[in-house]
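Asker: Got a structure here, written out as structure tokens. Questions coming.
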Amino acid sequence: MALIERAATKASGYAAGSLLTVADLAVVEVAAILAATDRLGRMAGVDRARVLAGRRIALLFYESSTRTRTSFELAAKSLGAITTLVSDKSSSIEKGESLKDTGLTLRALGAECIILRHANSGAPYLLAKATGLPVLNAGDGMHEHPSQALLDLRTILARLPGIDAGRIDAKTLAGVTVVITGDILHSRVARSNAMLLPKIGAKVLLCGPKELLPEDALGLGYARTTGGLEIERDFDKALKQAQVVMMLRIQRERLAGLELDLADYISRYQLNEERLAACAPEAVVMHPGPMIRGLEIAGEVADGPNSAIEDQVRHGLAVRTALLMRALGVGGFESVMV
Ligand code: CP
């Protein structure tokens, strides 16, 4: 039996409980996070509200967010924590205060953990180093969105038949193909999922035109050494292999300079009812949001029986309770016995 020290980030110099990248998460830690999510879900609300009673958590958001910000905040409050939101739009950040000084200010005010969304890749590392606090990466530029990948994993485990969701190991998703389609070049969600899901045994098939999916995407993380990550540019062919299809938003704000014909993109890559029925009638349909109906996904598919999009949001709230507990070192995350 091995004792794994408190689920600390592998990269030294960052506070234990930080979650900066899924690359640092061992499978046993993923299992511990999902087990804690389940335990919290079974607790009575009154007991849950004692888990982080009075602990101070800061949400620091330099980019817009609906799902991530709200679910982290509701998760923290459901555990009894005190939360404060600092947004770039209504704080001294507008006056030019740096990320480091904002973080040090939050620490001086008693924050014990900071949840950071930032447009710059790597910003959570800087904040974690500067403050010494546990930092949860809530999406940094085009780098990563680790809590999204964890909630996506929990959604997949819950939706696919015949999976033992209570037993997470390197083979749990063996035989499952997850197709990720869209703007993979700019997507932190694709990056985190492409690194996490193969660790649990899934094959990830990236799909999109070369403008949005460069060949070097195959070099991502864990999959580089183990396989588990492939490219298929024909969406219909990819869908025919899919148990899960994850659609990504076309980020119009990032398309400048790219030669992408949106009408052509829609005809080749939009997930619509006809394509889903013809190629993958049983596939679980996912989208991290925000989605652009009529562009990457047809409204009928988003609202249809295959859609797990609202489930993803619910799993996000649940998984983030466990991540907060882990960040603050309570609830079994002081040490994980395997
Ligand atoms: N999935 C996601 O990150 O959504 P938000 O931008 O609304 O947080």
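Within each chain, counting starts at residue 1; across the structure tokens, chains are named A, B, ... in the order shown, with ligands numbered 1 upward in that order.
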Name all residues at most 12 Å from A:Phe235 (count only C-alpha atoms; drop same-chain ones fewer than 5 positions away) and give them as a ChimeraX atom specification.
Answerer: /A:179-182,205-209,240-242,245-247,265-272,275-276,278-280,296
Asker: I'd like to know which residues of stretch 38-242 of chain A are strand (DSSP E or B) (by DSSP, run on the backbone); could you write them as a ChimeraX atom specification?
Answerer: /A:56-61,82-87,113-118,135-140,144,177-181,203-207,229-231
Asker: Give as an MDAnalysis selection string the residues surrounding ligand 1 up to a distance of 12 Å, considering only C-alpha atoms and all ligand atoms.
Answerer: chainID A and resid 61:73 115:119 137:142 144:152 187:190 192 246:249 251 286:291 309:310 312:317
Asker: Of the candidates A:Val285, A:Ser98, A:Ala111, A:Ala58, which one gets nearest to A:Leu85 if we count only C-alpha atoms?
Answerer: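 Answer, going by the shortest atom-to-atom distance: A:Ala58.
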Asker: Atom CA of A:Val204 and atom CA of A:Arg252, how far apart in Å?
Answerer: 24.7 Å
Asker: What's the 12 Å shell around A:Ser18, counting only C-alpha atoms, without same-chain residues fewer than 2 positions away, as a ChimeraX atom specification?
Answerer: /A:6-16,20-22,24-25,112-116,124-125,127-129,131-138,146-147,323-329,333
Asker: Using only C-alpha atoms, determine which residues lie at most 12 Å from A:Arg39, disregarding the query and same-chain residues fewer than 6 positions distant; provide the list as a list in words.
Answerer: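 The neighbour list is Ala32, Ile33, Asp47, Arg48, Val51, Gly166, Ala318, Val319, Thr321, Ala322, Met325, Gly331 and Gly332 of chain A.
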Asker: Once DSSP has gone over the backbone, tell me which residues of stretch 235-286 of chain A are in alpha helix (DSSP H), as a list in words.
Answerer: Phe235, Asp236, Lys237, Ala238, Leu239, Leu262, Ala263, Asp264, Tyr265, Ile266, Ser267, Arg268, Tyr269, Glu273, Glu274, Arg275, Leu276, Ala277, Ala278 and Cys279 of chain A
Asker: Would you output that residue set with N, CA, C and O atoms, as a PDB file, in the first residue's frame?
Answerer:
ATOM      1  N   PHE A 235     -15.277  14.668 -40.465  1.00  0.00           N
ATOM      2  CA  PHE A 235     -16.131  14.595 -39.271  1.00  0.00           C
ATOM      3  C   PHE A 235     -17.039  13.369 -39.304  1.00  0.00           C
ATOM      4  O   PHE A 235     -17.240  12.706 -38.284  1.00  0.00           O
ATOM      5  N   ASP A 236     -17.578  13.044 -40.463  1.00  0.00           N
ATOM      6  CA  ASP A 236     -18.476  11.884 -40.535  1.00  0.00           C
ATOM      7  C   ASP A 236     -17.731  10.594 -40.177  1.00  0.00           C
ATOM      8  O   ASP A 236     -18.241   9.746 -39.433  1.00  0.00           O
ATOM      9  N   LYS A 237     -16.495  10.479 -40.682  1.00  0.00           N
ATOM     10  CA  LYS A 237     -15.697   9.276 -40.344  1.00  0.00           C
ATOM     11  C   LYS A 237     -15.385   9.239 -38.853  1.00  0.00           C
ATOM     12  O   LYS A 237     -15.412   8.188 -38.226  1.00  0.00           O
ATOM     13  N   ALA A 238     -15.066  10.392 -38.297  1.00  0.00           N
ATOM     14  CA  ALA A 238     -14.764  10.449 -36.862  1.00  0.00           C
ATOM     15  C   ALA A 238     -16.000  10.053 -36.050  1.00  0.00           C
ATOM     16  O   ALA A 238     -15.934   9.244 -35.121  1.00  0.00           O
ATOM     17  N   LEU A 239     -17.137  10.611 -36.442  1.00  0.00           N
ATOM     18  CA  LEU A 239     -18.371  10.339 -35.691  1.00  0.00           C
ATOM     19  C   LEU A 239     -18.725   8.857 -35.680  1.00  0.00           C
ATOM     20  O   LEU A 239     -19.273   8.348 -34.691  1.00  0.00           O
ATOM     21  N   LEU A 262     -16.658  30.282 -42.945  1.00  0.00           N
ATOM     22  CA  LEU A 262     -17.603  29.763 -41.942  1.00  0.00           C
ATOM     23  C   LEU A 262     -18.705  28.901 -42.563  1.00  0.00           C
ATOM     24  O   LEU A 262     -19.109  27.892 -41.980  1.00  0.00           O
ATOM     25  N   ALA A 263     -19.170  29.291 -43.770  1.00  0.00           N
ATOM     26  CA  ALA A 263     -20.228  28.491 -44.417  1.00  0.00           C
ATOM     27  C   ALA A 263     -19.698  27.093 -44.735  1.00  0.00           C
ATOM     28  O   ALA A 263     -20.389  26.077 -44.521  1.00  0.00           O
ATOM     29  N   ASP A 264     -18.461  27.031 -45.207  1.00  0.00           N
ATOM     30  CA  ASP A 264     -17.842  25.738 -45.514  1.00  0.00           C
ATOM     31  C   ASP A 264     -17.628  24.941 -44.216  1.00  0.00           C
ATOM     32  O   ASP A 264     -17.875  23.734 -44.165  1.00  0.00           O
ATOM     33  N   TYR A 265     -17.205  25.650 -43.164  1.00  0.00           N
ATOM     34  CA  TYR A 265     -16.997  24.983 -41.873  1.00  0.00           C
ATOM     35  C   TYR A 265     -18.304  24.342 -41.388  1.00  0.00           C
ATOM     36  O   TYR A 265     -18.337  23.187 -40.960  1.00  0.00           O
ATOM     37  N   ILE A 266     -19.385  25.125 -41.487  1.00  0.00           N
ATOM     38  CA  ILE A 266     -20.679  24.614 -41.018  1.00  0.00           C
ATOM     39  C   ILE A 266     -21.080  23.374 -41.809  1.00  0.00           C
ATOM     40  O   ILE A 266     -21.541  22.372 -41.244  1.00  0.00           O
ATOM     41  N   SER A 267     -20.881  23.412 -43.121  1.00  0.00           N
ATOM     42  CA  SER A 267     -21.318  22.257 -43.909  1.00  0.00           C
ATOM     43  C   SER A 267     -20.465  21.016 -43.590  1.00  0.00           C
ATOM     44  O   SER A 267     -20.968  19.901 -43.622  1.00  0.00           O
ATOM     45  N   ARG A 268     -19.202  21.217 -43.229  1.00  0.00           N
ATOM     46  CA  ARG A 268     -18.337  20.043 -42.985  1.00  0.00           C
ATOM     47  C   ARG A 268     -18.294  19.595 -41.525  1.00  0.00           C
ATOM     48  O   ARG A 268     -18.088  18.426 -41.220  1.00  0.00           O
ATOM     49  N   TYR A 269     -18.500  20.548 -40.603  1.00  0.00           N
ATOM     50  CA  TYR A 269     -18.233  20.215 -39.190  1.00  0.00           C
ATOM     51  C   TYR A 269     -19.379  20.493 -38.219  1.00  0.00           C
ATOM     52  O   TYR A 269     -19.262  20.170 -37.038  1.00  0.00           O
ATOM     53  N   GLU A 273     -28.784  17.325 -36.692  1.00  0.00           N
ATOM     54  CA  GLU A 273     -29.579  16.106 -36.457  1.00  0.00           C
ATOM     55  C   GLU A 273     -29.311  15.034 -37.501  1.00  0.00           C
ATOM     56  O   GLU A 273     -29.197  13.853 -37.186  1.00  0.00           O
ATOM     57  N   GLU A 274     -29.236  15.479 -38.761  1.00  0.00           N
ATOM     58  CA  GLU A 274     -29.056  14.525 -39.856  1.00  0.00           C
ATOM     59  C   GLU A 274     -27.719  13.794 -39.722  1.00  0.00           C
ATOM     60  O   GLU A 274     -27.654  12.557 -39.831  1.00  0.00           O
ATOM     61  N   ARG A 275     -26.676  14.550 -39.428  1.00  0.00           N
ATOM     62  CA  ARG A 275     -25.332  13.964 -39.309  1.00  0.00           C
ATOM     63  C   ARG A 275     -25.269  13.018 -38.092  1.00  0.00           C
ATOM     64  O   ARG A 275     -24.716  11.915 -38.171  1.00  0.00           O
ATOM     65  N   LEU A 276     -25.852  13.452 -36.997  1.00  0.00           N
ATOM     66  CA  LEU A 276     -25.822  12.628 -35.787  1.00  0.00           C
ATOM     67  C   LEU A 276     -26.586  11.325 -36.014  1.00  0.00           C
ATOM     68  O   LEU A 276     -26.104  10.239 -35.660  1.00  0.00           O
ATOM     69  N   ALA A 277     -27.765  11.444 -36.628  1.00  0.00           N
ATOM     70  CA  ALA A 277     -28.575  10.234 -36.864  1.00  0.00           C
ATOM     71  C   ALA A 277     -27.865   9.282 -37.816  1.00  0.00           C
ATOM     72  O   ALA A 277     -27.913   8.058 -37.633  1.00  0.00           O
ATOM     73  N   ALA A 278     -27.178   9.823 -38.826  1.00  0.00           N
ATOM     74  CA  ALA A 278     -26.534   8.971 -39.827  1.00  0.00           C
ATOM     75  C   ALA A 278     -25.256   8.331 -39.308  1.00  0.00           C
ATOM     76  O   ALA A 278     -24.940   7.191 -39.663  1.00  0.00           O
ATOM     77  N   CYS A 279     -24.515   9.041 -38.470  1.00  0.00           N
ATOM     78  CA  CYS A 279     -23.154   8.581 -38.128  1.00  0.00           C
ATOM     79  C   CYS A 279     -22.997   8.084 -36.696  1.00  0.00           C
ATOM     80  O   CYS A 279     -22.148   7.227 -36.441  1.00  0.00           O
TER      81      CYS A 279
END
Asker: Please compute the atom CA of A:Leu126-atom CA of A:Leu197 distance, one decimal, in Å.
Answerer: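 That distance, rounded to one decimal, is 26.5 Å.
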Asker: Fewer than 4 positions away in the same chain doesn't count, so skip those; otherwise give me all residues within 8 Å of A:Ala170, counting only C-alpha atoms, as a ChimeraX atom specification.
Answerer: /A:27,199-201
Asker: Please, what distance in Å, to one decimal, runs between atom CA of A:Pro281 and atom CA of A:Glu215?
Answerer: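 Pair atom CA of A:Pro281 / atom CA of A:Glu215 returns 28.6 Å.
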Asker: Mind checking which residues fall within 12 Å of A:Leu157, counting only C-alpha atoms, ignoring those fewer than 2 positions away in the same chain, and posting them as a PDB file with N, CA, C and O atoms, in the first residue's frame?
Answerer:
ATOM      1  N   ALA A  31      -9.094   9.683  -9.312  1.00  0.00           N
ATOM      2  CA  ALA A  31     -10.048   8.810  -8.614  1.00  0.00           C
ATOM      3  C   ALA A  31     -10.441   9.410  -7.270  1.00  0.00           C
ATOM      4  O   ALA A  31     -11.618   9.372  -6.876  1.00  0.00           O
ATOM      5  N   LEU A  34     -12.887  12.319  -7.790  1.00  0.00           N
ATOM      6  CA  LEU A  34     -14.247  11.884  -8.154  1.00  0.00           C
ATOM      7  C   LEU A  34     -14.925  11.170  -6.983  1.00  0.00           C
ATOM      8  O   LEU A  34     -16.142  11.304  -6.784  1.00  0.00           O
ATOM      9  N   LEU A 150     -12.175  17.521 -15.745  1.00  0.00           N
ATOM     10  CA  LEU A 150     -12.652  16.610 -14.694  1.00  0.00           C
ATOM     11  C   LEU A 150     -14.174  16.484 -14.717  1.00  0.00           C
ATOM     12  O   LEU A 150     -14.732  15.398 -14.557  1.00  0.00           O
ATOM     13  N   LEU A 151     -14.857  17.597 -14.939  1.00  0.00           N
ATOM     14  CA  LEU A 151     -16.328  17.514 -14.992  1.00  0.00           C
ATOM     15  C   LEU A 151     -16.772  16.789 -16.257  1.00  0.00           C
ATOM     16  O   LEU A 151     -17.783  16.069 -16.250  1.00  0.00           O
ATOM     17  N   ASP A 152     -16.006  16.949 -17.325  1.00  0.00           N
ATOM     18  CA  ASP A 152     -16.332  16.210 -18.557  1.00  0.00           C
ATOM     19  C   ASP A 152     -16.143  14.715 -18.336  1.00  0.00           C
ATOM     20  O   ASP A 152     -16.967  13.903 -18.774  1.00  0.00           O
ATOM     21  N   LEU A 153     -15.068  14.357 -17.643  1.00  0.00           N
ATOM     22  CA  LEU A 153     -14.842  12.945 -17.345  1.00  0.00           C
ATOM     23  C   LEU A 153     -15.999  12.383 -16.512  1.00  0.00           C
ATOM     24  O   LEU A 153     -16.521  11.303 -16.805  1.00  0.00           O
ATOM     25  N   ARG A 154     -16.416  13.129 -15.503  1.00  0.00           N
ATOM     26  CA  ARG A 154     -17.515  12.625 -14.650  1.00  0.00           C
ATOM     27  C   ARG A 154     -18.808  12.488 -15.458  1.00  0.00           C
ATOM     28  O   ARG A 154     -19.589  11.552 -15.262  1.00  0.00           O
ATOM     29  N   THR A 155     -19.019  13.417 -16.382  1.00  0.00           N
ATOM     30  CA  THR A 155     -20.212  13.350 -17.232  1.00  0.00           C
ATOM     31  C   THR A 155     -20.166  12.092 -18.105  1.00  0.00           C
ATOM     32  O   THR A 155     -21.169  11.374 -18.240  1.00  0.00           O
ATOM     33  N   ARG A 159     -22.785   8.936 -18.126  1.00  0.00           N
ATOM     34  CA  ARG A 159     -23.680   8.749 -19.267  1.00  0.00           C
ATOM     35  C   ARG A 159     -23.446   7.453 -20.037  1.00  0.00           C
ATOM     36  O   ARG A 159     -24.381   6.917 -20.631  1.00  0.00           O
ATOM     37  N   LEU A 160     -22.217   6.962 -20.044  1.00  0.00           N
ATOM     38  CA  LEU A 160     -21.969   5.775 -20.867  1.00  0.00           C
ATOM     39  C   LEU A 160     -22.411   4.514 -20.129  1.00  0.00           C
ATOM     40  O   LEU A 160     -22.075   4.333 -18.953  1.00  0.00           O
ATOM     41  N   PRO A 161     -23.139   3.645 -20.819  1.00  0.00           N
ATOM     42  CA  PRO A 161     -23.546   2.396 -20.166  1.00  0.00           C
ATOM     43  C   PRO A 161     -22.355   1.447 -20.009  1.00  0.00           C
ATOM     44  O   PRO A 161     -21.394   1.497 -20.770  1.00  0.00           O
ATOM     45  N   GLY A 162     -22.427   0.624 -18.977  1.00  0.00           N
ATOM     46  CA  GLY A 162     -21.445  -0.450 -18.808  1.00  0.00           C
ATOM     47  C   GLY A 162     -20.096  -0.013 -18.271  1.00  0.00           C
ATOM     48  O   GLY A 162     -19.128  -0.769 -18.293  1.00  0.00           O
ATOM     49  N   ILE A 163     -20.011   1.224 -17.781  1.00  0.00           N
ATOM     50  CA  ILE A 163     -18.741   1.691 -17.206  1.00  0.00           C
ATOM     51  C   ILE A 163     -18.862   1.628 -15.684  1.00  0.00           C
ATOM     52  O   ILE A 163     -19.874   2.067 -15.132  1.00  0.00           O
ATOM     53  N   ASP A 164     -17.833   1.104 -15.044  1.00  0.00           N
ATOM     54  CA  ASP A 164     -17.839   1.093 -13.582  1.00  0.00           C
ATOM     55  C   ASP A 164     -17.240   2.414 -13.097  1.00  0.00           C
ATOM     56  O   ASP A 164     -16.025   2.549 -12.927  1.00  0.00           O
ATOM     57  N   ALA A 165     -18.129   3.387 -12.877  1.00  0.00           N
ATOM     58  CA  ALA A 165     -17.670   4.736 -12.531  1.00  0.00           C
ATOM     59  C   ALA A 165     -17.050   4.784 -11.143  1.00  0.00           C
ATOM     60  O   ALA A 165     -16.368   5.741 -10.794  1.00  0.00           O
ATOM     61  N   GLY A 166     -17.264   3.750 -10.347  1.00  0.00           N
ATOM     62  CA  GLY A 166     -16.690   3.723  -9.003  1.00  0.00           C
ATOM     63  C   GLY A 166     -15.254   3.226  -8.999  1.00  0.00           C
ATOM     64  O   GLY A 166     -14.599   3.191  -7.962  1.00  0.00           O
ATOM     65  N   ARG A 167     -14.763   2.807 -10.141  1.00  0.00           N
ATOM     66  CA  ARG A 167     -13.407   2.243 -10.210  1.00  0.00           C
ATOM     67  C   ARG A 167     -12.641   2.958 -11.317  1.00  0.00           C
ATOM     68  O   ARG A 167     -12.763   2.628 -12.496  1.00  0.00           O
ATOM     69  N   ILE A 168     -11.882   3.951 -10.918  1.00  0.00           N
ATOM     70  CA  ILE A 168     -11.152   4.760 -11.898  1.00  0.00           C
ATOM     71  C   ILE A 168      -9.708   4.278 -11.964  1.00  0.00           C
ATOM     72  O   ILE A 168      -8.963   4.374 -10.980  1.00  0.00           O
ATOM     73  N   THR A 172     -10.335   2.329 -17.292  1.00  0.00           N
ATOM     74  CA  THR A 172     -11.773   2.544 -17.077  1.00  0.00           C
ATOM     75  C   THR A 172     -12.505   2.904 -18.376  1.00  0.00           C
ATOM     76  O   THR A 172     -13.621   2.450 -18.612  1.00  0.00           O
ATOM     77  N   LEU A 173     -11.863   3.700 -19.216  1.00  0.00           N
ATOM     78  CA  LEU A 173     -12.521   4.104 -20.467  1.00  0.00           C
ATOM     79  C   LEU A 173     -11.936   3.363 -21.684  1.00  0.00           C
ATOM     80  O   LEU A 173     -12.047   3.849 -22.818  1.00  0.00           O
ATOM     81  N   ALA A 174     -11.355   2.184 -21.444  1.00  0.00           N
ATOM     82  CA  ALA A 174     -10.811   1.406 -22.571  1.00  0.00           C
ATOM     83  C   ALA A 174     -11.942   1.094 -23.549  1.00  0.00           C
ATOM     84  O   ALA A 174     -13.039   0.703 -23.148  1.00  0.00           O
ATOM     85  N   VAL A 176     -13.439   3.266 -25.409  1.00  0.00           N
ATOM     86  CA  VAL A 176     -14.291   4.446 -25.622  1.00  0.00           C
ATOM     87  C   VAL A 176     -13.534   5.457 -26.486  1.00  0.00           C
ATOM     88  O   VAL A 176     -12.386   5.797 -26.196  1.00  0.00           O
ATOM     89  N   LEU A 197      -8.252  12.411 -20.650  1.00  0.00           N
ATOM     90  CA  LEU A 197      -9.050  11.228 -20.984  1.00  0.00           C
ATOM     91  C   LEU A 197      -8.199  10.015 -21.378  1.00  0.00           C
ATOM     92  O   LEU A 197      -8.515   8.888 -20.962  1.00  0.00           O
ATOM     93  N   ILE A 200      -7.193   7.764 -18.593  1.00  0.00           N
ATOM     94  CA  ILE A 200      -8.229   6.870 -18.047  1.00  0.00           C
ATOM     95  C   ILE A 200      -8.588   5.806 -19.090  1.00  0.00           C
ATOM     96  O   ILE A 200      -9.575   5.095 -18.955  1.00  0.00           O
ATOM     97  N   ALA A 202      -9.264   6.259 -22.519  1.00  0.00           N
ATOM     98  CA  ALA A 202     -10.048   6.623 -23.708  1.00  0.00           C
ATOM     99  C   ALA A 202      -9.129   6.919 -24.889  1.00  0.00           C
ATOM    100  O   ALA A 202      -7.990   7.327 -24.716  1.00  0.00           O
ATOM    101  N   GLN A 243     -18.224   7.196 -29.256  1.00  0.00           N
ATOM    102  CA  GLN A 243     -19.227   6.994 -28.199  1.00  0.00           C
ATOM    103  C   GLN A 243     -19.596   8.350 -27.589  1.00  0.00           C
ATOM    104  O   GLN A 243     -20.666   8.505 -27.010  1.00  0.00           O
ATOM    105  N   VAL A 244     -18.669   9.287 -27.693  1.00  0.00           N
ATOM    106  CA  VAL A 244     -18.881  10.637 -27.152  1.00  0.00           C
ATOM    107  C   VAL A 244     -18.392  11.632 -28.195  1.00  0.00           C
ATOM    108  O   VAL A 244     -17.324  11.429 -28.787  1.00  0.00           O
ATOM    109  N   VAL A 284     -23.034  10.247 -27.029  1.00  0.00           N
ATOM    110  CA  VAL A 284     -23.301  11.296 -26.038  1.00  0.00           C
ATOM    111  C   VAL A 284     -22.748  12.602 -26.610  1.00  0.00           C
ATOM    112  O   VAL A 284     -21.589  12.662 -27.038  1.00  0.00           O
ATOM    113  N   ALA A 308     -25.743  15.949 -23.363  1.00  0.00           N
ATOM    114  CA  ALA A 308     -25.384  15.909 -21.931  1.00  0.00           C
ATOM    115  C   ALA A 308     -24.917  17.295 -21.481  1.00  0.00           C
ATOM    116  O   ALA A 308     -24.221  17.414 -20.463  1.00  0.00           O
ATOM    117  N   ASP A 311     -26.058  18.332 -18.112  1.00  0.00           N
ATOM    118  CA  ASP A 311     -25.407  17.433 -17.140  1.00  0.00           C
ATOM    119  C   ASP A 311     -23.997  17.921 -16.847  1.00  0.00           C
ATOM    120  O   ASP A 311     -23.528  17.872 -15.704  1.00  0.00           O
ATOM    121  N   GLN A 312     -23.305  18.371 -17.886  1.00  0.00           N
ATOM    122  CA  GLN A 312     -21.935  18.875 -17.692  1.00  0.00           C
ATOM    123  C   GLN A 312     -21.933  20.011 -16.671  1.00  0.00           C
ATOM    124  O   GLN A 312     -21.063  20.073 -15.807  1.00  0.00           O
ATOM    125  N   HIS A 315     -22.455  18.531 -13.225  1.00  0.00           N
ATOM    126  CA  HIS A 315     -21.238  17.847 -12.758  1.00  0.00           C
ATOM    127  C   HIS A 315     -20.143  18.862 -12.416  1.00  0.00           C
ATOM    128  O   HIS A 315     -19.304  18.609 -11.545  1.00  0.00           O
TER     129      HIS A 315
END
